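Trainee: Please read through the structure below; I'll follow up with questions.
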Amino acid sequence: MSILHQTPGYKVIQSRMKEVGFQPFLFQEQSWEAIVSGKSGLVNAPTGCGKTFAVFMGALIQFINEHPTQYQTKAKNGLQLLWITPLRALAKDIGRAMEEVIAGLGMQWQVGIRNGDTELKERAKQKRQMPEVLIITPESLHLFLGQKEYTKVASSIRIIAVDEWHELLGSKRGVQVELALSRLAGIRKNGPLSCSIWGISATIGNMDEALETLMTPFQTNGVIIKAALRKEVAVDSIFPDEIEKYPWAGHLGLKLVDKVLPILEESKTTLIFINTRGMSELWYQALLTANPDLAGAIALHHGSIDKELRDWVEENLHTGSLKAVVCTASLDLGVDFRPVETVIQVGSPKGVARFLQRAGRSGHRPDEVSKIYFLPTHSLELMEAAALKSAIDESMIESKPPLLLCFDALIQYCCTLSLGEGFIPDQTFEEIKNTVCFRDITLDEWQQVLQHIVDGGNALQQYDEYKKVIWTGDRYMIANRKIAMRHRLHIGTIVSDAMLKVKLFSGGFIGVIEEYFISRLEPGDVFTLAGRTLELVMIKDMTVLVKKSTAKKSQVPSWVGGRMPLTANMGKKLREQLSICATACETPDGFKPLSKELQALEPLLRLQQERSIVPKANELLIEQIATKDGYHLFVFPFEGRLVHEAMAAILAYRISKIHPITFSFVMNDYGFELLSDQPIPIDDTNVYELFSPENLLADIQRSVNSTEMAKRKFRDIAVIGGLIFQGYPGEHKKARHLQASASLIFKVFNDYDSNNLLLRQAYQEVFDQQMEEVRLRDMLHRIQNGTIVLTFPERLTPFCFPIKVDSLREDLSSEKLEDRVKKLILQNS
């Protein structure tokens, strides 16, 4: 018998679980034993298998063990469990689940929630008496570190849990968590009782690195506790009645609405995941039009809908009152045991982990199958469905490497510490060096950070507004109340375009909409938001006033950042599936043994093989076609749109060095097109040289307008780093004003402080995130070690057709685009 089984805490929990008919899993017991032994670690289990209880119950067992006779009466124990969660929407569910357990055990523990939605009354109550469990977002955790006496409150913490760590890792919110942990570790270092750190994560490709990033601030190794449970995922593709040989992005999805209705009918509750908020609005309307009886039984959920409406949807989803919810990533993450029976994914999720996360929202119990339908928005996406199935079978999940040297987040963090008790520079420097993000920071860079917050750095010393922090003799503090208030209002790392509230003229808040979209509309124009058709009346004081409209046609808002690029894993699996199809094309019955998705694509793929080739995994296909529009060069690396955007610019630059020539280019996740008005000088003699990884960085800098891209990145960095004030609530500055301010500071740094940390960071983020430079280099090495196949089709092929359509999309409305596409299909048939 293990030590755990002999403890009073375990006996109490085990007895209670028997009463309610539950038996703990082995991984949960392993987690409890590690917690009771004072260890730290990372719990990894499939969605819906009780990861939350693996850590939460451990905290209860630990408390009962220490107070075996008083655990039911002992109250006001101070903060015992700090629970960090990435989404506000999760907090309520987690809190509800915890309170049920606490009540069942007859304990006096209180559960509090702290995020942007927490009312002032509740915050004041928490300040007077901190609950034993505090569920908090990374942003609110930083606000907590900006309060006076936070060290006293934090000194009682026994366990810090970071929920959904796979979601936070590799983002600036993850960096926020690392920095907060470094401070909490510093406080708890000399505490009378031990404090452990636990991550809770679904599977990611770099689990060891995820553990290291979490443990490093506490200078401990930690253990990975992995559930020996394989969650079965059943993927069913929804097939169109006829596979189009000339696919193009986006148009097919809504035509398959009738195939979705029977699935909704057969299931108790269904989540329909859409990749963008704009498309989710269209799908909601299309389902109601197809079946008006769904009114009241179907709802819409995305990040721009009013909080009260989102709460209503989440509550009714929890109770099973809703038949279906059309949603975006806003419902990706969820707590155990929501009664969702079926999930439908509309369009490719572009990543294996994202698809599994969404699939796991159905069958949300360990012994249930997660059922997910894949609905393609164009026929070639069926190839991605086959790739997803293959990746799931091989457990091939994406990695999320941690971000390094995010100076904007560090500058914000230092100002946050200056709000409350202030910070001692040597102590803070040692603490931040105990994070993966800042372990390579130099003393000179740290001095630049301090100089930045004290006097604005080398370039901004003349301006008082950048002198935020003062040296009091023993620590840095923010003494100015106005600066302190401005900083508190803007703690966070997620920067989006300016949002305007949307209200009915007659009263009633509907949601928020991005400024850049609404600024293009005139009064009287009709648009859709939160499933309603609305007419713009006027914009007043950062509020869009609207009235209900009965118009049949309306504009659907588009939100920035809606299109996700193909991940490296998906690209690899996609090339493997293509390779299988290339072999199948060589024999008449070659497609018969293949998956249903690949069988369905046989007519399209055989046409592709007939006009050009279907490339194998070690081949790069290049198609050269001349039309009345000019000379087209189509290249198909299957590496995702970001890599293709950078490669198109580099290739255009390298070709122009051979012969003076200008190009326009367009790309999708499968490939890119260079278009010129003169023949493109590329052939067997120079093609390998054109795709060489040599001089890549230099060619990127010459070919891509990296300065312009860095300028756009710098806006977000400047906001996070506190160089730009976004305005007070209700009177936010317009996005174009923010961009103008950022551009001005960017120019000042470029001209007078070229070694500025934030300027360097902007360029680095362009290379790492915008261009995926490492992945681009890997792709070029792969091409050099493989075969480049040049073909010269007389007409457009099924592979190049969607890229060609995307080049038309920018200049034509959706109706005119559809007409033009029909003509293109006729011309090429």
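Labeling convention for the structure tokens: chains A, B, ... as they appear, residues from 1 per chain, ligands from 1 in order of appearance.
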As number ranges by chain, please: the residues near A:Glu29 (cut-off 9 Å, only C-alpha atoms, same-chain neighbours under 3 positions excluded).
Mentor: A: 4, 24-26, 32-34, 54, 58
Trainee: Please write the residues from the selection above to a file, keeping C-alpha atoms, as a CSV table (one decimal), in the first residue's frame.
Mentor:
chain,number,residue,atom,x,y,z
A,4,LEU,CA,-1.0,8.1,0.0
A,24,PRO,CA,-10.3,7.6,-9.1
A,25,PHE,CA,-8.0,6.9,-12.1
A,26,LEU,CA,-4.4,5.8,-11.6
A,32,TRP,CA,-2.3,13.1,-5.3
A,33,GLU,CA,0.7,11.1,-4.0
A,34,ALA,CA,3.1,13.5,-5.7
A,54,ALA,CA,-6.0,15.4,-10.2
A,58,GLY,CA,-4.6,16.8,-4.1
Trainee: Please return, as a ChimeraX atom specification, all residues of stretch 382-630 of chain A that DSSP assigns to alpha helix (DSSP H) on the basis of the backbone.
Mentor: /A:382-393,407-419,425-432,443-455,481-489,515-518,568-584,596-600,602-611
Trainee: Could you tell me how far atom CA of A:Gly671 sits from atom CA of A:Val704, in Å to one decimal place?
Mentor: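 Between these atoms lies a distance of 17.8 Å.
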Trainee: Give me, as a PyMOL selection string, all polymer residues having an atom no more than 10 Å from A:Val326, counting only C-alpha atoms and skipping those fewer than 6 positions away in the same chain.
Mentor: chain A and resi 270-274+277+279-284+287+298-302+344
Trainee: For the atom pair atom CA of A:Glu139 and atom CA of A:Ile491, what is the interatomic distance in Å to one decimal place?
Mentor: 6.3 Å
Trainee: Taking into account only C-alpha atoms, which residue in the set A:Leu489, A:Ala59, A:Cys800, A:Leu419 is nearest to A:Gln608?
Mentor: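 Once distances to A:Gln608 are computed over only C-alpha atoms, the minimum belongs to A:Cys800.
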Trainee: Any idea what's packed within 6 Å of A:Arg715, counting only C-alpha atoms, ignoring anything in its chain fewer than 3 positions away? Could you give it as a list in words?
Mentor: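 Those residues are Arg712, Ala718 and Ala742 of chain A.
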Trainee: Run DSSP on the backbone and grab whatever in stretch 532-757 of chain A lands in strand (DSSP E); send it over as a ChimeraX atom specification.
Mentor: /A:532-540,543-548,619-627,630-636,664-667,672-676
